[in-house]
>>> print(open('start_14.cif').read())   # mmCIF, C-alpha atoms
data_query
#
loop_
_atom_site.group_PDB
_atom_site.id
_atom_site.type_symbol
_atom_site.label_atom_id
_atom_site.label_comp_id
_atom_site.auth_asym_id
_atom_site.auth_seq_id
_atom_site.Cartn_x
_atom_site.Cartn_y
_atom_site.Cartn_z
ATOM 1 C CA MET C 180 -103.488 -46.575 -58.999
ATOM 2 C CA ALA C 181 -100.240 -47.639 -57.379
ATOM 3 C CA LYS C 182 -99.566 -46.167 -53.981
ATOM 4 C CA THR C 183 -96.456 -44.112 -53.437
ATOM 5 C CA ALA C 184 -94.304 -45.656 -50.755
ATOM 6 C CA LYS C 185 -93.305 -43.449 -47.856
ATOM 7 C CA PRO C 186 -89.552 -42.888 -47.565
ATOM 8 C CA THR C 187 -87.906 -45.059 -44.960
ATOM 9 C CA ALA C 188 -85.705 -43.645 -42.209
ATOM 10 C CA ALA C 189 -82.662 -44.984 -44.065
ATOM 11 C CA ALA C 190 -83.774 -43.291 -47.281
ATOM 12 C CA ALA C 191 -84.296 -40.000 -45.444
ATOM 13 C CA LEU C 192 -80.794 -40.271 -43.973
ATOM 14 C CA ILE C 193 -79.305 -40.870 -47.425
ATOM 15 C CA GLU C 194 -81.191 -37.868 -48.795
ATOM 16 C CA GLN C 195 -79.840 -35.668 -46.002
ATOM 17 C CA HIS C 196 -76.319 -36.532 -47.148
ATOM 18 C CA CYS C 197 -77.102 -35.751 -50.813
ATOM 19 C CA THR C 198 -75.952 -32.260 -51.664
ATOM 20 C CA VAL C 199 -76.137 -29.722 -54.462
ATOM 21 C CA ASP C 200 -74.078 -26.649 -55.281
ATOM 22 C CA HIS C 201 -75.492 -23.577 -53.600
ATOM 23 C CA THR C 202 -74.391 -19.952 -53.766
ATOM 24 C CA ILE C 203 -74.447 -18.231 -50.377
ATOM 25 C CA PRO C 204 -76.842 -15.249 -50.676
ATOM 26 C CA GLY C 205 -75.159 -11.907 -51.283
ATOM 27 C CA THR C 206 -71.801 -13.529 -52.091
ATOM 28 C CA THR C 207 -70.104 -15.470 -54.874
ATOM 29 C CA VAL C 208 -69.207 -18.330 -52.499
ATOM 30 C CA VAL C 209 -70.470 -21.752 -53.615
ATOM 31 C CA MET C 210 -70.880 -24.481 -50.985
ATOM 32 C CA GLN C 211 -72.685 -27.802 -50.753
ATOM 33 C CA ARG C 212 -76.271 -27.670 -49.487
ATOM 34 C CA ALA C 213 -78.157 -30.722 -48.227
ATOM 35 C CA LEU C 214 -81.239 -31.617 -50.272
ATOM 36 C CA THR C 215 -83.093 -32.255 -47.012
ATOM 37 C CA PRO C 216 -82.233 -30.145 -43.936
ATOM 38 C CA HIS C 217 -81.127 -32.094 -40.877
ATOM 39 C CA ALA C 218 -83.373 -32.198 -37.821
ATOM 40 C CA LEU C 219 -80.708 -30.205 -35.940
ATOM 41 C CA THR C 220 -80.280 -27.551 -38.634
ATOM 42 C CA PRO C 221 -80.542 -24.105 -36.982
ATOM 43 C CA MET C 222 -83.562 -21.968 -37.755
ATOM 44 C CA LYS C 223 -83.020 -19.349 -40.442
ATOM 45 C CA HIS C 224 -82.837 -15.753 -39.287
ATOM 46 C CA PRO C 225 -82.107 -12.600 -41.293
ATOM 47 C CA PHE C 226 -78.370 -12.412 -41.906
ATOM 48 C CA LEU C 227 -76.092 -10.474 -44.243
ATOM 49 C CA PHE C 228 -73.345 -12.886 -45.266
ATOM 50 C CA PRO C 229 -69.855 -11.302 -45.526
ATOM 51 C CA GLN C 230 -67.996 -12.280 -48.701
ATOM 52 C CA THR C 231 -64.446 -12.608 -47.316
ATOM 53 C CA GLU C 232 -65.365 -14.501 -44.150
ATOM 54 C CA CYS C 233 -67.591 -16.894 -46.110
ATOM 55 C CA GLU C 234 -64.716 -17.578 -48.522
ATOM 56 C CA ASP C 235 -62.419 -18.367 -45.598
ATOM 57 C CA VAL C 236 -64.932 -20.666 -43.875
ATOM 58 C CA ALA C 237 -65.752 -22.492 -47.112
ATOM 59 C CA LEU C 238 -62.080 -23.173 -47.849
ATOM 60 C CA ALA C 239 -61.317 -24.261 -44.268
ATOM 61 C CA MET C 240 -64.261 -26.669 -44.264
ATOM 62 C CA LYS C 241 -63.163 -28.094 -47.610
ATOM 63 C CA LEU C 242 -59.654 -28.664 -46.222
ATOM 64 C CA GLY C 243 -60.969 -30.194 -42.993
ATOM 65 C CA MET C 244 -59.548 -27.441 -40.797
ATOM 66 C CA ASN C 245 -60.747 -26.316 -37.391
ATOM 67 C CA ILE C 246 -62.106 -22.786 -37.541
ATOM 68 C CA MET C 247 -61.796 -20.195 -34.779
ATOM 69 C CA LEU C 248 -63.647 -16.903 -35.026
ATOM 70 C CA THR C 249 -62.398 -14.140 -32.744
ATOM 71 C CA GLY C 250 -63.414 -10.590 -32.046
ATOM 72 C CA PRO C 251 -65.434 -8.295 -29.775
ATOM 73 C CA THR C 252 -68.880 -9.115 -28.484
ATOM 74 C CA GLY C 253 -71.798 -8.892 -30.875
ATOM 75 C CA CYS C 254 -69.755 -8.702 -34.087
ATOM 76 C CA GLY C 255 -71.175 -11.894 -35.655
ATOM 77 C CA LYS C 256 -68.736 -14.619 -34.546
ATOM 78 C CA THR C 257 -71.465 -17.052 -33.526
ATOM 79 C CA ALA C 258 -73.994 -15.815 -36.073
ATOM 80 C CA LEU C 259 -71.810 -16.647 -39.100
ATOM 81 C CA PRO C 260 -71.413 -20.438 -38.627
ATOM 82 C CA THR C 261 -74.997 -20.650 -37.369
ATOM 83 C CA ALA C 262 -76.365 -18.824 -40.417
ATOM 84 C CA LEU C 263 -74.181 -20.871 -42.783
ATOM 85 C CA CYS C 264 -75.429 -24.173 -41.357
ATOM 86 C CA ALA C 265 -79.007 -22.902 -41.540
ATOM 87 C CA GLU C 266 -78.494 -21.902 -45.179
ATOM 88 C CA LEU C 267 -76.847 -25.210 -46.088
ATOM 89 C CA GLY C 268 -79.245 -27.475 -44.191
ATOM 90 C CA LEU C 269 -76.450 -28.761 -41.951
ATOM 91 C CA PRO C 270 -76.871 -29.692 -38.298
ATOM 92 C CA LEU C 271 -75.020 -27.638 -35.705
ATOM 93 C CA VAL C 272 -74.606 -28.581 -32.045
ATOM 94 C CA ARG C 273 -73.589 -25.635 -29.904
ATOM 95 C CA PHE C 274 -71.670 -25.887 -26.627
ATOM 96 C CA ASN C 275 -71.604 -22.778 -24.448
ATOM 97 C CA CYS C 276 -68.234 -23.095 -22.732
ATOM 98 C CA ASP C 277 -67.871 -21.856 -19.175
ATOM 99 C CA GLY C 278 -66.273 -22.823 -15.909
ATOM 100 C CA GLU C 279 -69.058 -25.358 -15.288
ATOM 101 C CA THR C 280 -68.452 -27.269 -18.527
ATOM 102 C CA ARG C 281 -67.001 -30.651 -17.583
ATOM 103 C CA VAL C 282 -65.162 -33.341 -19.518
ATOM 104 C CA SER C 283 -68.119 -35.626 -18.871
ATOM 105 C CA ASN C 284 -70.409 -33.194 -20.727
ATOM 106 C CA LEU C 285 -68.323 -33.766 -23.847
ATOM 107 C CA ARG C 286 -67.012 -37.306 -23.513
ATOM 108 C CA GLY C 287 -69.760 -38.964 -21.466
ATOM 109 C CA MET C 288 -70.058 -40.729 -18.143
ATOM 110 C CA ASN C 289 -71.314 -43.843 -16.369
ATOM 111 C CA VAL C 290 -74.839 -43.499 -15.014
ATOM 112 C CA PRO C 291 -76.913 -45.888 -12.874
ATOM 113 C CA ALA C 292 -79.205 -48.165 -14.880
ATOM 114 C CA ALA C 293 -81.443 -51.129 -14.016
ATOM 115 C CA LYS C 294 -80.885 -54.322 -16.007
ATOM 116 C CA ASP C 295 -82.842 -57.505 -15.227
ATOM 117 C CA GLY C 296 -83.723 -56.047 -11.856
ATOM 118 C CA VAL C 297 -80.098 -55.357 -10.985
ATOM 119 C CA LEU C 298 -78.737 -51.856 -10.560
ATOM 120 C CA THR C 299 -75.608 -51.407 -12.633
ATOM 121 C CA LEU C 300 -73.619 -48.706 -14.397
ATOM 122 C CA GLN C 301 -74.164 -47.868 -18.051
ATOM 123 C CA PHE C 302 -72.042 -45.506 -20.130
ATOM 124 C CA ASN C 303 -73.883 -42.617 -21.773
ATOM 125 C CA ALA C 304 -71.918 -40.937 -24.562
ATOM 126 C CA GLY C 305 -71.533 -37.172 -24.200
ATOM 127 C CA ASP C 306 -72.723 -34.682 -26.774
ATOM 128 C CA LEU C 307 -69.309 -34.226 -28.391
ATOM 129 C CA ALA C 308 -68.823 -37.985 -28.677
ATOM 130 C CA GLN C 309 -72.227 -38.338 -30.327
ATOM 131 C CA CYS C 310 -71.466 -35.546 -32.796
ATOM 132 C CA MET C 311 -68.226 -37.267 -33.794
ATOM 133 C CA ILE C 312 -69.994 -40.610 -34.251
ATOM 134 C CA LYS C 313 -72.790 -39.047 -36.329
ATOM 135 C CA GLY C 314 -70.549 -36.675 -38.312
ATOM 136 C CA MET C 315 -72.191 -33.425 -37.220
ATOM 137 C CA PRO C 316 -70.617 -29.941 -37.033
ATOM 138 C CA VAL C 317 -69.942 -28.533 -33.567
ATOM 139 C CA LEU C 318 -69.693 -24.952 -32.329
ATOM 140 C CA MET C 319 -67.664 -24.401 -29.145
ATOM 141 C CA ASP C 320 -68.903 -20.951 -28.159
ATOM 142 C CA GLU C 321 -66.663 -18.736 -25.979
ATOM 143 C CA ILE C 322 -63.995 -21.423 -25.896
ATOM 144 C CA ASP C 323 -61.593 -19.144 -24.028
ATOM 145 C CA ALA C 324 -63.919 -19.449 -21.006
ATOM 146 C CA SER C 325 -63.454 -23.231 -20.822
ATOM 147 C CA THR C 326 -61.173 -24.902 -18.273
ATOM 148 C CA PRO C 327 -57.709 -26.321 -19.126
ATOM 149 C CA GLY C 328 -59.007 -29.855 -18.442
ATOM 150 C CA VAL C 329 -61.683 -29.523 -21.099
ATOM 151 C CA ARG C 330 -59.211 -28.118 -23.624
ATOM 152 C CA PHE C 331 -56.712 -30.950 -23.034
ATOM 153 C CA VAL C 332 -59.458 -33.497 -23.779
ATOM 154 C CA MET C 333 -60.281 -31.518 -26.933
ATOM 155 C CA GLN C 334 -56.741 -31.628 -28.340
ATOM 156 C CA PRO C 335 -56.972 -35.065 -30.066
ATOM 157 C CA VAL C 336 -60.411 -34.065 -31.372
ATOM 158 C CA LEU C 337 -58.738 -31.070 -33.015
ATOM 159 C CA GLU C 338 -56.102 -33.160 -34.795
ATOM 160 C CA GLU C 339 -56.942 -32.344 -38.395
ATOM 161 C CA GLY C 340 -57.000 -35.551 -40.433
ATOM 162 C CA ASN C 341 -57.028 -37.855 -37.385
ATOM 163 C CA ARG C 342 -59.750 -36.697 -35.016
ATOM 164 C CA THR C 343 -60.178 -39.068 -32.089
ATOM 165 C CA LEU C 344 -61.724 -39.104 -28.647
ATOM 166 C CA HIS C 345 -60.712 -41.808 -26.159
ATOM 167 C CA ILE C 346 -63.364 -43.057 -23.726
ATOM 168 C CA PRO C 347 -61.613 -44.431 -20.604
ATOM 169 C CA GLU C 348 -64.832 -45.900 -19.196
ATOM 170 C CA THR C 349 -65.233 -48.286 -22.161
ATOM 171 C CA GLY C 350 -61.705 -48.406 -23.585
ATOM 172 C CA GLU C 351 -63.127 -47.272 -26.930
ATOM 173 C CA THR C 352 -61.542 -44.659 -29.183
ATOM 174 C CA ILE C 353 -64.028 -42.724 -31.294
ATOM 175 C CA HIS C 354 -62.955 -41.616 -34.769
ATOM 176 C CA ALA C 355 -64.867 -38.683 -36.217
ATOM 177 C CA ALA C 356 -67.211 -39.614 -39.044
ATOM 178 C CA PRO C 357 -67.269 -37.622 -42.317
ATOM 179 C CA GLY C 358 -69.183 -34.376 -41.881
ATOM 180 C CA PHE C 359 -67.788 -33.612 -38.444
ATOM 181 C CA CYS C 360 -66.141 -30.204 -38.227
ATOM 182 C CA LEU C 361 -65.408 -27.863 -35.378
ATOM 183 C CA PHE C 362 -66.009 -24.136 -35.029
ATOM 184 C CA ALA C 363 -64.922 -22.158 -31.969
ATOM 185 C CA THR C 364 -65.514 -18.562 -30.967
ATOM 186 C CA GLY C 365 -63.690 -16.377 -28.472
ATOM 187 C CA ASN C 366 -63.215 -12.740 -27.539
ATOM 188 C CA THR C 367 -59.539 -12.934 -26.654
ATOM 189 C CA VAL C 368 -57.757 -15.692 -28.625
ATOM 190 C CA GLY C 369 -56.706 -16.801 -25.176
ATOM 191 C CA PHE C 370 -53.633 -14.687 -24.635
ATOM 192 C CA ARG C 371 -54.615 -11.029 -25.037
ATOM 193 C CA ALA C 372 -54.488 -9.934 -21.425
ATOM 194 C CA ASN C 373 -56.081 -6.545 -22.087
ATOM 195 C CA ARG C 374 -59.105 -8.262 -23.640
ATOM 196 C CA ARG C 375 -59.324 -10.796 -20.794
ATOM 197 C CA ALA C 376 -59.638 -7.904 -18.354
ATOM 198 C CA GLN C 377 -62.638 -6.676 -20.335
ATOM 199 C CA TYR C 378 -64.186 -10.137 -20.751
ATOM 200 C CA ALA C 379 -64.229 -11.518 -17.221
ATOM 201 C CA GLY C 380 -64.064 -15.288 -16.970
ATOM 202 C CA THR C 381 -61.869 -15.908 -20.010
ATOM 203 C CA ASN C 382 -58.652 -17.899 -19.661
ATOM 204 C CA ALA C 383 -55.318 -18.139 -21.415
ATOM 205 C CA MET C 384 -55.017 -20.917 -24.020
ATOM 206 C CA ASN C 385 -51.662 -22.529 -24.655
ATOM 207 C CA ALA C 386 -49.899 -22.505 -28.015
ATOM 208 C CA ALA C 387 -50.418 -26.244 -28.610
ATOM 209 C CA PHE C 388 -54.173 -25.786 -28.379
ATOM 210 C CA LEU C 389 -54.305 -22.681 -30.578
ATOM 211 C CA ASP C 390 -52.007 -24.291 -33.133
ATOM 212 C CA ARG C 391 -54.660 -26.911 -33.848
ATOM 213 C CA PHE C 392 -56.905 -24.294 -35.433
ATOM 214 C CA GLY C 393 -55.830 -24.159 -39.066
ATOM 215 C CA CYS C 394 -58.038 -21.152 -39.778
ATOM 216 C CA VAL C 395 -58.435 -18.189 -37.415
ATOM 217 C CA ILE C 396 -60.856 -15.542 -38.668
ATOM 218 C CA ALA C 397 -60.695 -12.105 -37.077
ATOM 219 C CA CYS C 398 -64.202 -10.693 -36.952
ATOM 220 C CA SER C 399 -64.683 -7.016 -36.261
ATOM 221 C CA TYR C 400 -67.408 -4.437 -36.269
ATOM 222 C CA PRO C 401 -68.387 -3.532 -39.834
ATOM 223 C CA THR C 402 -68.147 -0.226 -41.617
ATOM 224 C CA ARG C 403 -71.056 2.161 -41.143
ATOM 225 C CA GLU C 404 -72.417 1.269 -44.591
ATOM 226 C CA VAL C 405 -72.303 -2.487 -43.989
ATOM 227 C CA GLU C 406 -73.712 -2.119 -40.484
ATOM 228 C CA TYR C 407 -76.599 -0.078 -41.902
ATOM 229 C CA GLU C 408 -77.435 -2.963 -44.234
ATOM 230 C CA ARG C 409 -77.173 -5.503 -41.407
ATOM 231 C CA VAL C 410 -79.578 -3.546 -39.239
ATOM 232 C CA ARG C 411 -82.017 -3.062 -42.135
ATOM 233 C CA VAL C 412 -81.946 -6.791 -42.872
ATOM 234 C CA ASN C 413 -82.868 -7.556 -39.260
ATOM 235 C CA VAL C 414 -85.342 -4.681 -38.799
ATOM 236 C CA PRO C 415 -86.716 -4.192 -42.336
ATOM 237 C CA GLY C 416 -89.568 -1.886 -41.357
ATOM 238 C CA CYS C 417 -87.437 0.585 -39.422
ATOM 239 C CA ASP C 418 -87.116 4.133 -40.763
ATOM 240 C CA ALA C 419 -83.976 4.482 -42.889
ATOM 241 C CA GLU C 420 -82.893 7.771 -41.282
ATOM 242 C CA LEU C 421 -83.290 6.289 -37.825
ATOM 243 C CA VAL C 422 -81.133 3.286 -38.736
ATOM 244 C CA ASP C 423 -78.531 5.600 -40.247
ATOM 245 C CA GLY C 424 -78.453 7.641 -37.042
ATOM 246 C CA ILE C 425 -78.000 4.529 -34.910
ATOM 247 C CA CYS C 426 -75.091 3.408 -37.080
ATOM 248 C CA ARG C 427 -73.530 6.869 -36.885
ATOM 249 C CA VAL C 428 -73.682 6.715 -33.090
ATOM 250 C CA ALA C 429 -72.051 3.287 -33.098
ATOM 251 C CA LYS C 430 -69.255 4.419 -35.408
ATOM 252 C CA GLU C 431 -68.494 7.556 -33.400
ATOM 253 C CA LEU C 432 -68.453 5.770 -30.037
ATOM 254 C CA ARG C 433 -66.125 3.027 -31.273
ATOM 255 C CA ALA C 434 -63.695 5.705 -32.457
ATOM 256 C CA ASP C 435 -63.964 7.781 -29.254
ATOM 257 C CA ALA C 436 -60.960 7.294 -26.964
ATOM 258 C CA GLY C 437 -63.089 8.337 -24.001
ATOM 259 C CA PHE C 438 -65.535 5.459 -24.563
ATOM 260 C CA THR C 439 -64.212 2.129 -23.277
ATOM 261 C CA SER C 440 -67.275 -0.119 -23.611
ATOM 262 C CA ASP C 441 -68.084 -2.271 -26.623
ATOM 263 C CA PHE C 442 -70.838 -1.103 -28.952
ATOM 264 C CA SER C 443 -71.966 -4.168 -30.845
ATOM 265 C CA THR C 444 -73.960 -4.598 -34.029
ATOM 266 C CA ARG C 445 -76.328 -6.640 -31.870
ATOM 267 C CA ARG C 446 -76.892 -3.526 -29.764
ATOM 268 C CA CYS C 447 -77.666 -1.486 -32.888
ATOM 269 C CA ILE C 448 -80.291 -4.047 -33.907
ATOM 270 C CA GLN C 449 -81.833 -4.067 -30.423
ATOM 271 C CA TRP C 450 -82.032 -0.259 -30.409
ATOM 272 C CA ALA C 451 -83.640 -0.222 -33.860
ATOM 273 C CA ARG C 452 -86.242 -2.831 -32.883
ATOM 274 C CA LEU C 453 -87.295 -0.898 -29.817
ATOM 275 C CA ALA C 454 -87.257 2.438 -31.634
ATOM 276 C CA GLN C 455 -89.410 0.990 -34.416
ATOM 277 C CA HIS C 456 -91.973 -0.047 -31.814
ATOM 278 C CA TYR C 457 -92.003 3.275 -29.944
ATOM 279 C CA GLY C 458 -91.872 5.453 -33.068
ATOM 280 C CA ALA C 459 -89.956 8.690 -33.655
ATOM 281 C CA VAL C 460 -90.724 10.062 -30.183
ATOM 282 C CA GLY C 461 -89.314 6.917 -28.583
ATOM 283 C CA VAL C 462 -85.801 6.967 -30.007
ATOM 284 C CA LEU C 463 -84.309 8.089 -26.706
ATOM 285 C CA ARG C 464 -86.454 5.753 -24.654
ATOM 286 C CA ALA C 465 -85.218 2.889 -26.825
ATOM 287 C CA ALA C 466 -81.630 4.125 -26.396
ATOM 288 C CA HIS C 467 -81.953 3.974 -22.610
ATOM 289 C CA LEU C 468 -83.323 0.443 -22.708
ATOM 290 C CA SER C 469 -80.888 -1.047 -25.212
ATOM 291 C CA VAL C 470 -77.729 1.072 -24.815
ATOM 292 C CA LEU C 471 -77.282 3.511 -21.945
ATOM 293 C CA ARG C 472 -78.251 1.226 -19.073
ATOM 294 C CA LYS C 473 -75.800 -1.456 -20.233
ATOM 295 C CA LEU C 474 -72.684 0.689 -20.229
ATOM 296 C CA GLU C 475 -69.857 -0.215 -17.899
ATOM 297 C CA ASN C 476 -69.337 3.110 -16.134
ATOM 298 C CA ALA C 477 -70.712 6.614 -15.715
ATOM 299 C CA THR C 478 -68.093 8.110 -18.037
ATOM 300 C CA ASP C 479 -69.147 5.883 -20.933
ATOM 301 C CA ALA C 480 -72.803 6.727 -20.272
ATOM 302 C CA ARG C 481 -72.025 10.451 -20.365
ATOM 303 C CA VAL C 482 -70.024 10.149 -23.604
ATOM 304 C CA ALA C 483 -72.765 8.068 -25.221
ATOM 305 C CA ARG C 484 -75.493 10.524 -24.216
ATOM 306 C CA GLU C 485 -73.576 13.414 -25.741
ATOM 307 C CA VAL C 486 -73.084 11.557 -29.035
ATOM 308 C CA ILE C 487 -76.738 10.516 -29.194
ATOM 309 C CA LYS C 488 -77.860 14.096 -28.478
ATOM 310 C CA ARG C 489 -75.647 15.443 -31.254
ATOM 311 C CA VAL C 490 -76.531 12.821 -33.879
ATOM 312 C CA PHE C 491 -80.286 12.970 -33.289
ATOM 313 C CA GLY C 492 -80.429 16.717 -32.592
ATOM 314 C CA TYR C 493 -81.717 16.593 -29.011
ATOM 315 C CA ASP C 494 -80.884 19.252 -26.448
ATOM 316 C CA GLU C 495 -81.196 16.963 -23.452
ATOM 317 C CA ILE C 496 -81.649 13.281 -22.683
ATOM 318 C CA GLU C 497 -83.698 12.691 -19.576
ATOM 319 C CA GLY C 498 -83.013 9.800 -17.225
ATOM 320 C CA THR C 499 -80.245 7.245 -17.146
#
>>> encode(input="start_14.cif", output="structure tokens")
Amino acid sequence: MAKTAKPTAAAALIEQHCTVDHTIPGTTVVMQRALTPHALTPMKHPFLFPQTECEDVALAMKLGMNIMLTGPTGCGKTALPTALCAELGLPLVRFNCDGETRVSNLRGMNVPAAKDGVLTLQFNAGDLAQCMIKGMPVLMDEIDASTPGVRFVMQPVLEEGNRTLHIPETGETIHAAPGFCLFATGNTVGFRANRRAQYAGTNAMNAAFLDRFGCVIACSYPTREVEYERVRVNVPGCDAELVDGICRVAKELRADAGFTSDFSTRRCIQWARLAQHYGAVGVLRAAHLSVLRKLENATDARVAREVIKRVFGYDEIEGT
């Protein structure tokens, strides 16, 4: 019997770039899925794909546009591109932008290296440079927390149709390979001062930088019905009435003018997970752990306690 040859590394790479039509679960959106997931494909987690946002992302990717997702914390900005890449078998390299992110982290830098017994300098390409060379999608998370220097270096990378990154240390200019695309997330879109006050550490972004994002998707907290489904997807064994109560609390607090904190879908899921573990008698204990102790001020905590008491029919909530 003839032996079956093992696929070579080159053959595996070719197979990773072979794609088939794939309908995103729960939607009518058709995108290209890799026959073999990439080694850097994110792990799959339960996720309820939104129809409209998936349509927008699919079109922007087809047109080669940069995609920015904006909105309050915990509304699914980061989860959407991550879940899409996981579903499609695509790699995704995530950069968490902050004040410590340096140009060298993206572009690269010279590092000491020994060659023939002589200490010399050798250039090591940064993560962004490597993603451009290899044609891999990138997620710049919380991009409005990055420094102006980092964003200026990013501008030629964001030039749709002519993405480049110049490396001064080598004189080389990197051109993005097919498959490279760039997602960014932010709470403020860079210029909403009232949101920057709430999200400490974010910075203004100039118009030239923002203009390079051909597609800006405004994410928001879902309706109570959609949020119920999202929580059930993530905590499938949780009691339906309990999940409904959690979503009612979230909806009421977001609409309450006396409540200034965010109440994210992520927080609903955390509450449901803890409540599922503690059982019916532990609903309030779970609320303290996942909700009440995170709130920004005493007024918000008082408002939240009153809403939780009313929704779940408790006379008092002990502790803080």
>>> resolve_selection(input="start_14.cif", expression="the PyMOL selection byres ((chain C and resi 254) around 12)", output="compact mmCIF listing (two decimals) with C-alpha atoms, keeping the file's coordinate frame")
# COMPACT_ATOMS: atom_id res chain seq x y z
CA PRO C 229 -69.86 -11.30 -45.53
CA LEU C 248 -63.65 -16.90 -35.03
CA THR C 249 -62.40 -14.14 -32.74
CA GLY C 250 -63.41 -10.59 -32.05
CA PRO C 251 -65.43 -8.30 -29.78
CA THR C 252 -68.88 -9.12 -28.48
CA GLY C 253 -71.80 -8.89 -30.88
CA GLY C 255 -71.18 -11.89 -35.66
CA LYS C 256 -68.74 -14.62 -34.55
CA THR C 257 -71.46 -17.05 -33.53
CA ALA C 258 -73.99 -15.82 -36.07
CA LEU C 259 -71.81 -16.65 -39.10
CA THR C 364 -65.51 -18.56 -30.97
CA GLY C 365 -63.69 -16.38 -28.47
CA ASN C 366 -63.22 -12.74 -27.54
CA ALA C 397 -60.70 -12.10 -37.08
CA CYS C 398 -64.20 -10.69 -36.95
CA SER C 399 -64.68 -7.02 -36.26
CA TYR C 400 -67.41 -4.44 -36.27
CA PRO C 401 -68.39 -3.53 -39.83
CA THR C 402 -68.15 -0.23 -41.62
CA VAL C 405 -72.30 -2.49 -43.99
CA GLU C 406 -73.71 -2.12 -40.48
CA ARG C 409 -77.17 -5.50 -41.41
CA ASP C 441 -68.08 -2.27 -26.62
CA PHE C 442 -70.84 -1.10 -28.95
CA SER C 443 -71.97 -4.17 -30.84
CA THR C 444 -73.96 -4.60 -34.03
CA ARG C 445 -76.33 -6.64 -31.87
CA ARG C 446 -76.89 -3.53 -29.76
CA CYS C 447 -77.67 -1.49 -32.89
CA ILE C 448 -80.29 -4.05 -33.91
>>> resolve_selection(input="start_14.cif", expression="the PyMOL selection byres ((chain C and resi 390-392) around 12)", output="PyMOL selection string")
chain C and resi 239-240+242-249+330-331+333-342+360-364+368-369+384-389+393-396
>>> atom_distance(input="start_14.cif", atom1="CA of Pro347 (chain C)", atom2="CA of Met288 (chain C)")
9.5 Å
>>> residues_around(input="start_14.cif", residues="region 275-281 of chain C", least_positions_apart="4", cutoff="10 Å", atoms="only C-alpha atoms", output="ChimeraX atom specification")
/C:285-287,318-329,363-365,380-382
>>> atom_distance(input="start_14.cif", atom1="CA of Ala293 (chain C)", atom2="CA of Glu348 (chain C)")
18.2 Å
>>> atom_distance(input="start_14.cif", atom1="CA of Pro221 (chain C)", atom2="CA of Asp418 (chain C)")
29.2 Å
>>> closest_residue(input="start_14.cif", among="C:Ala419, C:Ala454, C:Ala465, C:Cys197", to="His217 (chain C)", atoms="all atoms listed in the file")
C:Cys197
>>> resolve_selection(input="start_14.cif", expression="the PyMOL selection byres ((chain C and resi 200) around 10)", output="list of chain:residue names")
C:Thr198, C:Val199, C:His201, C:Thr202, C:Ile203, C:Val209, C:Met210, C:Gln211, C:Arg212, C:Ala213, C:Leu267
>>> residues_near_point(input="start_14.cif", point="(-78.9, -26.3, -43.4)", cutoff="10 Å", atoms="all atoms listed in the file", output="list in words")
Gln195, Gln211, Arg212, Ala213, Leu214, Thr215, Pro216, His217, Ala218, Leu219, Thr220, Pro221, Met222, Lys223, Thr261, Ala262, Leu263, Cys264, Ala265, Glu266, Leu267, Gly268, Leu269, Pro270 and Leu271 of chain C
>>> closest_residue(input="start_14.cif", among="C:Thr207, C:Cys310, C:Phe226, C:Pro260", to="Arg411 (chain C)", atoms="only C-alpha atoms")
C:Phe226
